[in-house]
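Containing compact mmCIF, N, CA and C atoms: input-v8.txt.
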# COMPACT_ATOMS: atom_id res chain seq x y z
N MET H 20 18.03 25.69 22.22
CA MET H 20 16.74 25.75 22.85
C MET H 20 16.69 26.96 23.77
N ILE H 21 15.62 27.73 23.66
CA ILE H 21 15.44 28.90 24.52
C ILE H 21 14.70 28.45 25.77
N THR H 22 15.20 28.84 26.92
CA THR H 22 14.53 28.48 28.17
C THR H 22 13.92 29.72 28.80
N ALA H 23 12.93 29.48 29.63
CA ALA H 23 12.28 30.58 30.33
C ALA H 23 13.25 31.17 31.34
N PRO H 24 13.25 32.49 31.47
CA PRO H 24 14.08 33.11 32.51
C PRO H 24 13.66 32.60 33.89
N MET H 25 14.62 32.52 34.82
CA MET H 25 14.33 32.00 36.15
C MET H 25 13.20 32.78 36.81
N ALA H 26 13.12 34.09 36.58
CA ALA H 26 12.07 34.89 37.20
C ALA H 26 10.70 34.39 36.77
N ASP H 27 10.57 33.98 35.50
CA ASP H 27 9.29 33.45 35.01
C ASP H 27 8.96 32.13 35.69
N VAL H 28 9.95 31.27 35.88
CA VAL H 28 9.72 29.99 36.55
C VAL H 28 9.32 30.24 38.00
N VAL H 29 9.99 31.14 38.67
CA VAL H 29 9.65 31.48 40.06
C VAL H 29 8.23 32.02 40.12
N GLU H 30 7.86 32.88 39.19
CA GLU H 30 6.49 33.43 39.16
C GLU H 30 5.48 32.30 38.97
N SER H 31 5.76 31.37 38.08
CA SER H 31 4.87 30.23 37.87
C SER H 31 4.74 29.38 39.13
N LEU H 32 5.86 29.12 39.79
CA LEU H 32 5.83 28.32 41.01
C LEU H 32 5.03 29.03 42.11
N SER H 33 5.10 30.35 42.16
CA SER H 33 4.39 31.09 43.21
C SER H 33 2.88 30.94 43.06
N ARG H 34 2.39 30.57 41.87
CA ARG H 34 0.95 30.39 41.65
C ARG H 34 0.49 28.97 41.95
N VAL H 35 1.41 28.06 42.22
CA VAL H 35 1.05 26.68 42.57
C VAL H 35 0.59 26.68 44.02
N PRO H 36 -0.65 26.24 44.29
CA PRO H 36 -1.15 26.30 45.67
C PRO H 36 -0.21 25.65 46.68
N LEU H 37 0.42 24.57 46.32
CA LEU H 37 1.33 23.88 47.23
C LEU H 37 2.50 24.76 47.66
N PHE H 38 2.90 25.69 46.80
CA PHE H 38 4.06 26.54 47.06
C PHE H 38 3.69 27.98 47.39
N SER H 39 2.41 28.28 47.56
CA SER H 39 1.96 29.67 47.69
C SER H 39 2.53 30.40 48.90
N GLY H 40 2.91 29.69 49.96
CA GLY H 40 3.43 30.36 51.14
C GLY H 40 4.95 30.44 51.19
N ILE H 41 5.61 30.04 50.13
CA ILE H 41 7.07 30.03 50.11
C ILE H 41 7.57 31.31 49.45
N GLY H 42 8.55 31.94 50.05
CA GLY H 42 9.10 33.17 49.52
C GLY H 42 9.85 32.97 48.21
N ARG H 43 10.03 34.08 47.48
CA ARG H 43 10.65 34.03 46.16
C ARG H 43 12.08 33.48 46.19
N GLU H 44 12.84 33.79 47.24
CA GLU H 44 14.22 33.29 47.32
C GLU H 44 14.23 31.76 47.37
N LYS H 45 13.37 31.19 48.17
CA LYS H 45 13.31 29.72 48.26
C LYS H 45 12.73 29.11 46.99
N LEU H 46 11.78 29.81 46.36
CA LEU H 46 11.25 29.33 45.09
C LEU H 46 12.34 29.32 44.01
N ALA H 47 13.24 30.28 44.07
CA ALA H 47 14.36 30.29 43.12
C ALA H 47 15.25 29.07 43.35
N LYS H 48 15.47 28.72 44.61
CA LYS H 48 16.25 27.51 44.91
C LYS H 48 15.52 26.26 44.42
N LEU H 49 14.21 26.25 44.58
CA LEU H 49 13.42 25.12 44.11
C LEU H 49 13.51 25.01 42.58
N SER H 50 13.42 26.14 41.90
CA SER H 50 13.47 26.11 40.43
C SER H 50 14.83 25.61 39.93
N ASP H 51 15.89 25.84 40.72
CA ASP H 51 17.22 25.35 40.34
C ASP H 51 17.26 23.82 40.27
N ARG H 52 16.39 23.16 41.01
CA ARG H 52 16.35 21.70 41.05
C ARG H 52 15.52 21.11 39.90
N MET H 53 14.89 21.96 39.14
CA MET H 53 13.97 21.49 38.11
C MET H 53 14.70 21.26 36.79
N ALA H 54 14.24 20.24 36.07
CA ALA H 54 14.81 19.90 34.77
C ALA H 54 13.80 20.21 33.68
N GLU H 55 14.27 20.44 32.47
CA GLU H 55 13.39 20.68 31.33
C GLU H 55 13.02 19.37 30.66
N ARG H 56 11.79 19.36 30.11
CA ARG H 56 11.35 18.21 29.33
C ARG H 56 10.35 18.70 28.31
N SER H 57 10.40 18.11 27.14
CA SER H 57 9.46 18.45 26.08
C SER H 57 8.51 17.28 25.85
N PHE H 58 7.27 17.63 25.50
CA PHE H 58 6.26 16.64 25.13
C PHE H 58 5.75 17.03 23.75
N SER H 59 5.78 16.09 22.81
CA SER H 59 5.31 16.36 21.45
C SER H 59 3.79 16.44 21.41
N GLU H 60 3.29 17.19 20.45
CA GLU H 60 1.85 17.30 20.25
C GLU H 60 1.22 15.89 20.22
N GLY H 61 0.16 15.70 20.99
CA GLY H 61 -0.54 14.42 21.04
C GLY H 61 -0.01 13.44 22.06
N LYS H 62 1.13 13.74 22.66
CA LYS H 62 1.73 12.83 23.64
C LYS H 62 1.14 13.06 25.02
N ALA H 63 0.85 11.97 25.72
CA ALA H 63 0.36 12.07 27.10
C ALA H 63 1.53 12.31 28.03
N ALA H 64 1.44 13.36 28.82
CA ALA H 64 2.47 13.66 29.82
C ALA H 64 2.21 12.86 31.08
N THR H 65 0.93 12.62 31.40
CA THR H 65 0.53 11.75 32.50
C THR H 65 -0.66 10.94 32.02
N GLU H 66 -0.84 9.76 32.62
CA GLU H 66 -1.98 8.92 32.27
C GLU H 66 -2.74 8.53 33.53
N GLU H 67 -4.03 8.83 33.53
CA GLU H 67 -4.89 8.54 34.67
C GLU H 67 -4.77 7.07 35.06
N GLY H 68 -4.60 6.84 36.37
CA GLY H 68 -4.53 5.48 36.90
C GLY H 68 -3.15 4.85 36.84
N LYS H 69 -2.23 5.50 36.16
CA LYS H 69 -0.86 4.96 36.07
C LYS H 69 0.04 5.69 37.04
N GLY H 70 1.13 5.05 37.39
CA GLY H 70 2.10 5.65 38.30
C GLY H 70 2.80 6.84 37.64
N GLY H 71 3.31 7.68 38.46
CA GLY H 71 4.03 8.83 37.96
C GLY H 71 4.67 9.54 39.12
N ALA H 72 5.83 10.06 38.89
CA ALA H 72 6.54 10.68 40.00
C ALA H 72 7.19 11.98 39.55
N ALA H 73 6.39 12.85 38.95
CA ALA H 73 6.96 14.14 38.56
C ALA H 73 5.89 15.21 38.59
N PHE H 74 6.32 16.41 38.91
CA PHE H 74 5.51 17.61 38.91
C PHE H 74 6.01 18.48 37.77
N TRP H 75 5.11 19.12 37.04
CA TRP H 75 5.50 19.91 35.88
C TRP H 75 4.86 21.29 35.88
N VAL H 76 5.62 22.30 35.45
CA VAL H 76 5.12 23.63 35.17
C VAL H 76 5.29 23.83 33.66
N ILE H 77 4.24 24.23 32.98
CA ILE H 77 4.31 24.44 31.53
C ILE H 77 4.97 25.78 31.24
N GLU H 78 6.03 25.74 30.44
CA GLU H 78 6.71 26.97 30.03
C GLU H 78 6.20 27.43 28.67
N GLN H 79 5.90 26.46 27.80
CA GLN H 79 5.47 26.79 26.44
C GLN H 79 4.55 25.69 25.96
N GLY H 80 3.46 26.05 25.28
CA GLY H 80 2.55 25.07 24.72
C GLY H 80 1.27 24.95 25.53
N GLU H 81 0.40 24.02 25.08
CA GLU H 81 -0.88 23.80 25.73
C GLU H 81 -1.14 22.32 25.88
N ALA H 82 -2.00 22.00 26.86
CA ALA H 82 -2.36 20.62 27.13
C ALA H 82 -3.82 20.56 27.58
N THR H 83 -4.42 19.39 27.43
CA THR H 83 -5.75 19.17 27.99
C THR H 83 -5.62 18.25 29.18
N VAL H 84 -6.57 18.38 30.10
CA VAL H 84 -6.65 17.52 31.27
C VAL H 84 -7.95 16.74 31.13
N ALA H 85 -7.86 15.41 31.16
CA ALA H 85 -9.05 14.57 31.03
C ALA H 85 -9.16 13.65 32.24
N VAL H 86 -10.38 13.53 32.75
CA VAL H 86 -10.70 12.62 33.84
C VAL H 86 -11.78 11.69 33.34
N LYS H 87 -11.51 10.39 33.43
CA LYS H 87 -12.43 9.37 32.93
C LYS H 87 -12.82 9.64 31.48
N GLY H 88 -11.82 10.08 30.70
CA GLY H 88 -12.01 10.30 29.28
C GLY H 88 -12.66 11.62 28.91
N GLU H 89 -13.08 12.41 29.87
CA GLU H 89 -13.73 13.69 29.60
C GLU H 89 -12.76 14.85 29.88
N ILE H 90 -12.60 15.72 28.89
CA ILE H 90 -11.72 16.87 29.06
C ILE H 90 -12.37 17.83 30.05
N VAL H 91 -11.62 18.15 31.11
CA VAL H 91 -12.15 19.02 32.16
C VAL H 91 -11.52 20.41 32.15
N ARG H 92 -10.36 20.56 31.51
CA ARG H 92 -9.77 21.89 31.39
C ARG H 92 -8.59 21.85 30.43
N THR H 93 -8.14 23.06 30.08
CA THR H 93 -6.98 23.24 29.22
C THR H 93 -5.92 23.98 30.03
N LEU H 94 -4.67 23.59 29.84
CA LEU H 94 -3.55 24.21 30.53
C LEU H 94 -2.66 24.92 29.53
N GLY H 95 -2.00 25.98 29.99
CA GLY H 95 -1.07 26.71 29.14
C GLY H 95 0.13 27.18 29.95
N PRO H 96 0.95 28.06 29.38
CA PRO H 96 2.15 28.53 30.07
C PRO H 96 1.83 29.06 31.46
N GLY H 97 2.61 28.61 32.43
CA GLY H 97 2.42 29.00 33.82
C GLY H 97 1.53 28.05 34.60
N ASP H 98 0.77 27.22 33.90
CA ASP H 98 -0.05 26.22 34.59
C ASP H 98 0.81 25.04 34.99
N PHE H 99 0.28 24.18 35.86
CA PHE H 99 1.06 23.08 36.41
C PHE H 99 0.19 21.84 36.53
N PHE H 100 0.87 20.70 36.68
CA PHE H 100 0.17 19.44 36.93
C PHE H 100 1.13 18.47 37.60
N GLY H 101 0.56 17.51 38.33
CA GLY H 101 1.36 16.50 38.98
C GLY H 101 1.86 16.86 40.37
N GLU H 102 1.32 17.92 40.97
CA GLU H 102 1.86 18.38 42.26
C GLU H 102 1.64 17.38 43.39
N ILE H 103 0.57 16.61 43.36
CA ILE H 103 0.33 15.66 44.43
C ILE H 103 1.34 14.50 44.36
N ALA H 104 1.82 14.20 43.18
CA ALA H 104 2.83 13.14 43.02
C ALA H 104 4.11 13.46 43.79
N LEU H 105 4.35 14.75 44.03
CA LEU H 105 5.53 15.11 44.82
C LEU H 105 5.43 14.58 46.24
N LEU H 106 4.21 14.41 46.73
CA LEU H 106 4.02 14.01 48.12
C LEU H 106 3.73 12.53 48.29
N ASP H 107 2.88 11.96 47.43
CA ASP H 107 2.48 10.57 47.70
C ASP H 107 2.96 9.56 46.66
N GLU H 108 3.48 10.01 45.54
CA GLU H 108 3.96 9.13 44.48
C GLU H 108 2.90 8.11 44.07
N GLY H 109 1.63 8.47 44.25
CA GLY H 109 0.52 7.58 43.89
C GLY H 109 0.19 7.66 42.41
N VAL H 110 -0.89 6.99 42.04
CA VAL H 110 -1.30 6.98 40.64
C VAL H 110 -1.85 8.34 40.24
N ARG H 111 -1.80 8.61 38.97
CA ARG H 111 -2.27 9.88 38.44
C ARG H 111 -3.80 9.93 38.47
N THR H 112 -4.31 11.11 38.77
CA THR H 112 -5.76 11.29 38.85
C THR H 112 -6.35 11.80 37.55
N ALA H 113 -5.51 12.11 36.57
CA ALA H 113 -5.99 12.62 35.28
C ALA H 113 -4.96 12.31 34.20
N THR H 114 -5.42 12.38 32.96
CA THR H 114 -4.52 12.28 31.81
C THR H 114 -4.28 13.68 31.29
N VAL H 115 -3.02 14.05 31.17
CA VAL H 115 -2.64 15.35 30.62
C VAL H 115 -1.98 15.09 29.28
N THR H 116 -2.55 15.66 28.22
CA THR H 116 -2.06 15.42 26.86
C THR H 116 -1.67 16.73 26.20
N ALA H 117 -0.51 16.75 25.59
CA ALA H 117 -0.04 17.95 24.89
C ALA H 117 -0.91 18.19 23.66
N VAL H 118 -1.50 19.38 23.56
CA VAL H 118 -2.30 19.78 22.40
C VAL H 118 -1.39 20.35 21.33
N THR H 119 -0.32 20.99 21.78
CA THR H 119 0.73 21.51 20.90
C THR H 119 2.04 20.95 21.45
N ASP H 120 3.11 21.13 20.72
CA ASP H 120 4.40 20.80 21.31
C ASP H 120 4.51 21.60 22.61
N MET H 121 4.99 20.96 23.64
CA MET H 121 4.98 21.58 24.96
C MET H 121 6.34 21.42 25.62
N ARG H 122 6.80 22.52 26.24
CA ARG H 122 8.04 22.48 27.01
C ARG H 122 7.69 22.76 28.46
N CYS H 123 8.19 21.90 29.35
CA CYS H 123 7.89 22.01 30.78
C CYS H 123 9.17 22.01 31.58
N ARG H 124 9.04 22.47 32.81
CA ARG H 124 10.12 22.36 33.78
C ARG H 124 9.53 21.55 34.93
N GLY H 125 10.25 20.50 35.36
CA GLY H 125 9.69 19.63 36.38
C GLY H 125 10.70 19.09 37.35
N MET H 126 10.16 18.37 38.33
CA MET H 126 11.02 17.75 39.34
C MET H 126 10.39 16.47 39.85
N THR H 127 11.24 15.65 40.41
CA THR H 127 10.82 14.36 40.97
C THR H 127 10.63 14.49 42.48
N PRO H 128 9.94 13.53 43.09
CA PRO H 128 9.78 13.59 44.56
C PRO H 128 11.10 13.59 45.31
N TRP H 129 12.10 12.87 44.83
CA TRP H 129 13.37 12.82 45.56
C TRP H 129 14.09 14.16 45.49
N GLU H 130 13.96 14.90 44.39
CA GLU H 130 14.52 16.25 44.33
C GLU H 130 13.74 17.18 45.26
N PHE H 131 12.43 17.03 45.26
CA PHE H 131 11.59 17.85 46.12
C PHE H 131 11.89 17.58 47.59
N ARG H 132 12.07 16.31 47.94
CA ARG H 132 12.37 15.96 49.34
C ARG H 132 13.69 16.60 49.79
N ALA H 133 14.69 16.57 48.91
CA ALA H 133 15.97 17.20 49.25
C ALA H 133 15.78 18.69 49.50
N PHE H 134 14.93 19.34 48.68
CA PHE H 134 14.64 20.76 48.90
C PHE H 134 14.00 20.98 50.26
N VAL H 135 13.02 20.15 50.62
CA VAL H 135 12.33 20.30 51.91
C VAL H 135 13.30 20.04 53.06
N ASP H 136 14.16 19.03 52.92
CA ASP H 136 15.15 18.75 53.96
C ASP H 136 16.06 19.95 54.20
N GLU H 137 16.43 20.64 53.13
CA GLU H 137 17.32 21.78 53.24
C GLU H 137 16.59 23.07 53.64
N ASN H 138 15.26 23.09 53.47
CA ASN H 138 14.45 24.28 53.74
C ASN H 138 13.22 23.88 54.55
N PRO H 139 13.40 23.41 55.79
CA PRO H 139 12.26 22.88 56.55
C PRO H 139 11.15 23.89 56.79
N ASP H 140 11.47 25.17 56.84
CA ASP H 140 10.41 26.16 57.03
C ASP H 140 9.45 26.20 55.84
N ALA H 141 9.93 25.80 54.67
CA ALA H 141 9.06 25.74 53.49
C ALA H 141 8.01 24.65 53.66
N ALA H 142 8.34 23.59 54.39
CA ALA H 142 7.39 22.49 54.61
C ALA H 142 6.14 22.99 55.33
N TRP H 143 6.30 23.88 56.29
CA TRP H 143 5.15 24.38 57.03
C TRP H 143 4.20 25.14 56.10
N ALA H 144 4.75 25.96 55.23
CA ALA H 144 3.92 26.70 54.27
C ALA H 144 3.17 25.74 53.36
N MET H 145 3.84 24.67 52.95
CA MET H 145 3.19 23.70 52.08
C MET H 145 2.09 22.94 52.82
N LEU H 146 2.31 22.60 54.09
CA LEU H 146 1.28 21.93 54.87
C LEU H 146 0.05 22.83 55.02
N GLN H 147 0.27 24.10 55.24
CA GLN H 147 -0.86 25.02 55.35
C GLN H 147 -1.64 25.09 54.03
N ALA H 148 -0.93 25.14 52.92
CA ALA H 148 -1.60 25.18 51.61
C ALA H 148 -2.41 23.91 51.39
N LEU H 149 -1.87 22.76 51.77
CA LEU H 149 -2.60 21.50 51.63
C LEU H 149 -3.84 21.48 52.52
N ALA H 150 -3.74 22.02 53.72
CA ALA H 150 -4.90 22.07 54.61
C ALA H 150 -6.01 22.92 54.00
N VAL H 151 -5.66 24.03 53.39
CA VAL H 151 -6.66 24.87 52.73
C VAL H 151 -7.34 24.09 51.60
N ARG H 152 -6.56 23.39 50.80
CA ARG H 152 -7.14 22.61 49.69
C ARG H 152 -8.04 21.51 50.21
N LEU H 153 -7.66 20.86 51.30
CA LEU H 153 -8.48 19.81 51.88
C LEU H 153 -9.81 20.38 52.35
N ARG H 154 -9.78 21.50 53.05
CA ARG H 154 -11.02 22.12 53.52
C ARG H 154 -11.92 22.53 52.35
N GLU H 155 -11.33 23.07 51.30
CA GLU H 155 -12.11 23.44 50.11
C GLU H 155 -12.75 22.21 49.49
N SER H 156 -12.01 21.13 49.42
CA SER H 156 -12.52 19.88 48.86
C SER H 156 -13.67 19.34 49.68
N GLU H 157 -13.55 19.41 51.01
CA GLU H 157 -14.61 18.95 51.88
C GLU H 157 -15.87 19.78 51.71
N ARG H 158 -15.73 21.08 51.50
CA ARG H 158 -16.90 21.95 51.31
C ARG H 158 -17.61 21.62 49.99
N ARG H 159 -16.87 21.21 48.97
CA ARG H 159 -17.46 20.90 47.67
C ARG H 159 -18.08 19.52 47.62
N ALA H 160 -17.65 18.62 48.51
CA ALA H 160 -18.14 17.24 48.49
C ALA H 160 -19.64 17.20 48.82
N PRO H 161 -20.41 16.37 48.10
CA PRO H 161 -21.84 16.25 48.42
C PRO H 161 -22.04 15.66 49.81
N SER H 162 -23.06 16.14 50.51
CA SER H 162 -23.34 15.69 51.88
C SER H 162 -24.04 14.35 51.88
Give the structure from this file in structure tokens form.
Amino acid sequence: MITAPMADVVESLSRVPLFSGIGREKLAKLSDRMAERSFSEGKAATEEGKGGAAFWVIEQGEATVAVKGEIVRTLGPGDFFGEIALLDEGVRTATVTAVTDMRCRGMTPWEFRAFVDENPDAAWAMLQALAVRLRESERRAPS
């Protein structure tokens, strides 16, 4: 199996809003904690309303994202899903289904927590990114 070079994984992680304020060196350490997983064409990687405890970055392949049965976007290499599960381990907000065979690199909340414990300055950058997303969400919400 051919895997993505670490530089590609680090580049993908740098585009994840949750990790946008973390430097490349720490992102490389984060990528070291990630495991590979494949999803066959047609397989759901996450299911809306069900529990799930993993964050994924797509290395190869494509997937659709559906909310309440309606496809809202398509994901491809470098895209990600499941980032909120790293923090709250709550139910999934969407169903992500592999359109083609898909290879991802991912991590669980307990691996992520160990990373934050070892790199507490990274936590501040992540909190700032979450605050930005919250403010954007509030601006989009109907009054």
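Proximity to Gly125 (chain H) was assessed for H:Arg111, H:Arg34, H:Lys45, H:Arg56 counting only C-alpha atoms; the smallest distance is recorded for H:Arg56.
The interatomic distance for the pair CA of Ala73 (chain H) and atom N of Arg154 (chain H) works out to 23.3 Å.
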Using all atoms listed in the file, which residues sit within 6 Å of Thr93 (chain H) once same-chain residues fewer than 3 positions away are excluded, as a short mmCIF file (atom, residue, chain, number, x, y, z; two decimals) with N, CA and C atoms, in the frame of the given file?
data_model
loop_
_atom_site.label_atom_id
_atom_site.label_comp_id
_atom_site.auth_asym_id
_atom_site.auth_seq_id
_atom_site.Cartn_x
_atom_site.Cartn_y
_atom_site.Cartn_z
N ALA H 82 -2.00 22.00 26.86
CA ALA H 82 -2.36 20.62 27.13
C ALA H 82 -3.82 20.56 27.58
N THR H 83 -4.42 19.39 27.43
CA THR H 83 -5.75 19.17 27.99
C THR H 83 -5.62 18.25 29.18
N VAL H 84 -6.57 18.38 30.10
CA VAL H 84 -6.65 17.52 31.27
C VAL H 84 -7.95 16.74 31.13
#
For this session: Report as a PyMOL selection string: the residues of region 75-151 of chain H with a DSSP assignment of strand (DSSP E), based on the backbone of this structure.
Result: chain H and resi 75-79+82-86+89-94+99-100+114-117+121-126
Residue neighbourhood Ala148 (chain H), 12 Å, only C-alpha atoms, exclusion window fewer than 4 positions, as a short mmCIF file (atom, residue, chain, number, x, y, z; two decimals) with N, CA and C atoms, keeping the file's coordinate frame:
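The file below, result-v9.cif, is the result:
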data_model
loop_
_atom_site.label_atom_id
_atom_site.label_comp_id
_atom_site.auth_asym_id
_atom_site.auth_seq_id
_atom_site.Cartn_x
_atom_site.Cartn_y
_atom_site.Cartn_z
N SER H 33 5.10 30.35 42.16
CA SER H 33 4.39 31.09 43.21
C SER H 33 2.88 30.94 43.06
N ARG H 34 2.39 30.57 41.87
CA ARG H 34 0.95 30.39 41.65
C ARG H 34 0.49 28.97 41.95
N VAL H 35 1.41 28.06 42.22
CA VAL H 35 1.05 26.68 42.57
C VAL H 35 0.59 26.68 44.02
N PRO H 36 -0.65 26.24 44.29
CA PRO H 36 -1.15 26.30 45.67
C PRO H 36 -0.21 25.65 46.68
N LEU H 37 0.42 24.57 46.32
CA LEU H 37 1.33 23.88 47.23
C LEU H 37 2.50 24.76 47.66
N PHE H 38 2.90 25.69 46.80
CA PHE H 38 4.06 26.54 47.06
C PHE H 38 3.69 27.98 47.39
N SER H 39 2.41 28.28 47.56
CA SER H 39 1.96 29.67 47.69
C SER H 39 2.53 30.40 48.90
N GLY H 40 2.91 29.69 49.96
CA GLY H 40 3.43 30.36 51.14
C GLY H 40 4.95 30.44 51.19
N ILE H 41 5.61 30.04 50.13
CA ILE H 41 7.07 30.03 50.11
C ILE H 41 7.57 31.31 49.45
N ALA H 141 9.93 25.80 54.67
CA ALA H 141 9.06 25.74 53.49
C ALA H 141 8.01 24.65 53.66
N ALA H 142 8.34 23.59 54.39
CA ALA H 142 7.39 22.49 54.61
C ALA H 142 6.14 22.99 55.33
N TRP H 143 6.30 23.88 56.29
CA TRP H 143 5.15 24.38 57.03
C TRP H 143 4.20 25.14 56.10
N ALA H 144 4.75 25.96 55.23
CA ALA H 144 3.92 26.70 54.27
C ALA H 144 3.17 25.74 53.36
N ARG H 152 -6.56 23.39 50.80
CA ARG H 152 -7.14 22.61 49.69
C ARG H 152 -8.04 21.51 50.21
N LEU H 153 -7.66 20.86 51.30
CA LEU H 153 -8.48 19.81 51.88
C LEU H 153 -9.81 20.38 52.35
N ARG H 154 -9.78 21.50 53.05
CA ARG H 154 -11.02 22.12 53.52
C ARG H 154 -11.92 22.53 52.35
N GLU H 155 -11.33 23.07 51.30
CA GLU H 155 -12.11 23.44 50.11
C GLU H 155 -12.75 22.21 49.49
#
For this session: Place a sphere of radius 6 Å on (6.6, 15.1, 46.4) in the file coordinates and name every protein, DNA or RNA residue with an atom inside or on its surface, counting only C-alpha atoms; give the answer as a list in words.
Result: Ala104, Leu105, Leu106, Pro128 and Phe131 of chain H
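Across the model, the gap from CA of Gly109 (chain H) to CA of Glu78 (chain H) is 24.6 Å.
Residue nearest Phe99 (chain H) within the list H:Val118, H:Phe58, H:Glu81, H:Val76: H:Val76 [criterion: smallest interatomic distance, all atoms listed in the file].
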Seminar exercise, completed: Expressed in Å, the length from CA of Ala117 (chain H) to CA of Lys62 (chain H) is 5.6 Å
For this session: Just the residues within 8 Å of Gly80 (chain H), please, counting all atoms listed in the file, with nothing from its chain fewer than 2 positions along; format it as a PyMOL selection string.
Result: chain H and resi 77-78+82+94-97+117-123
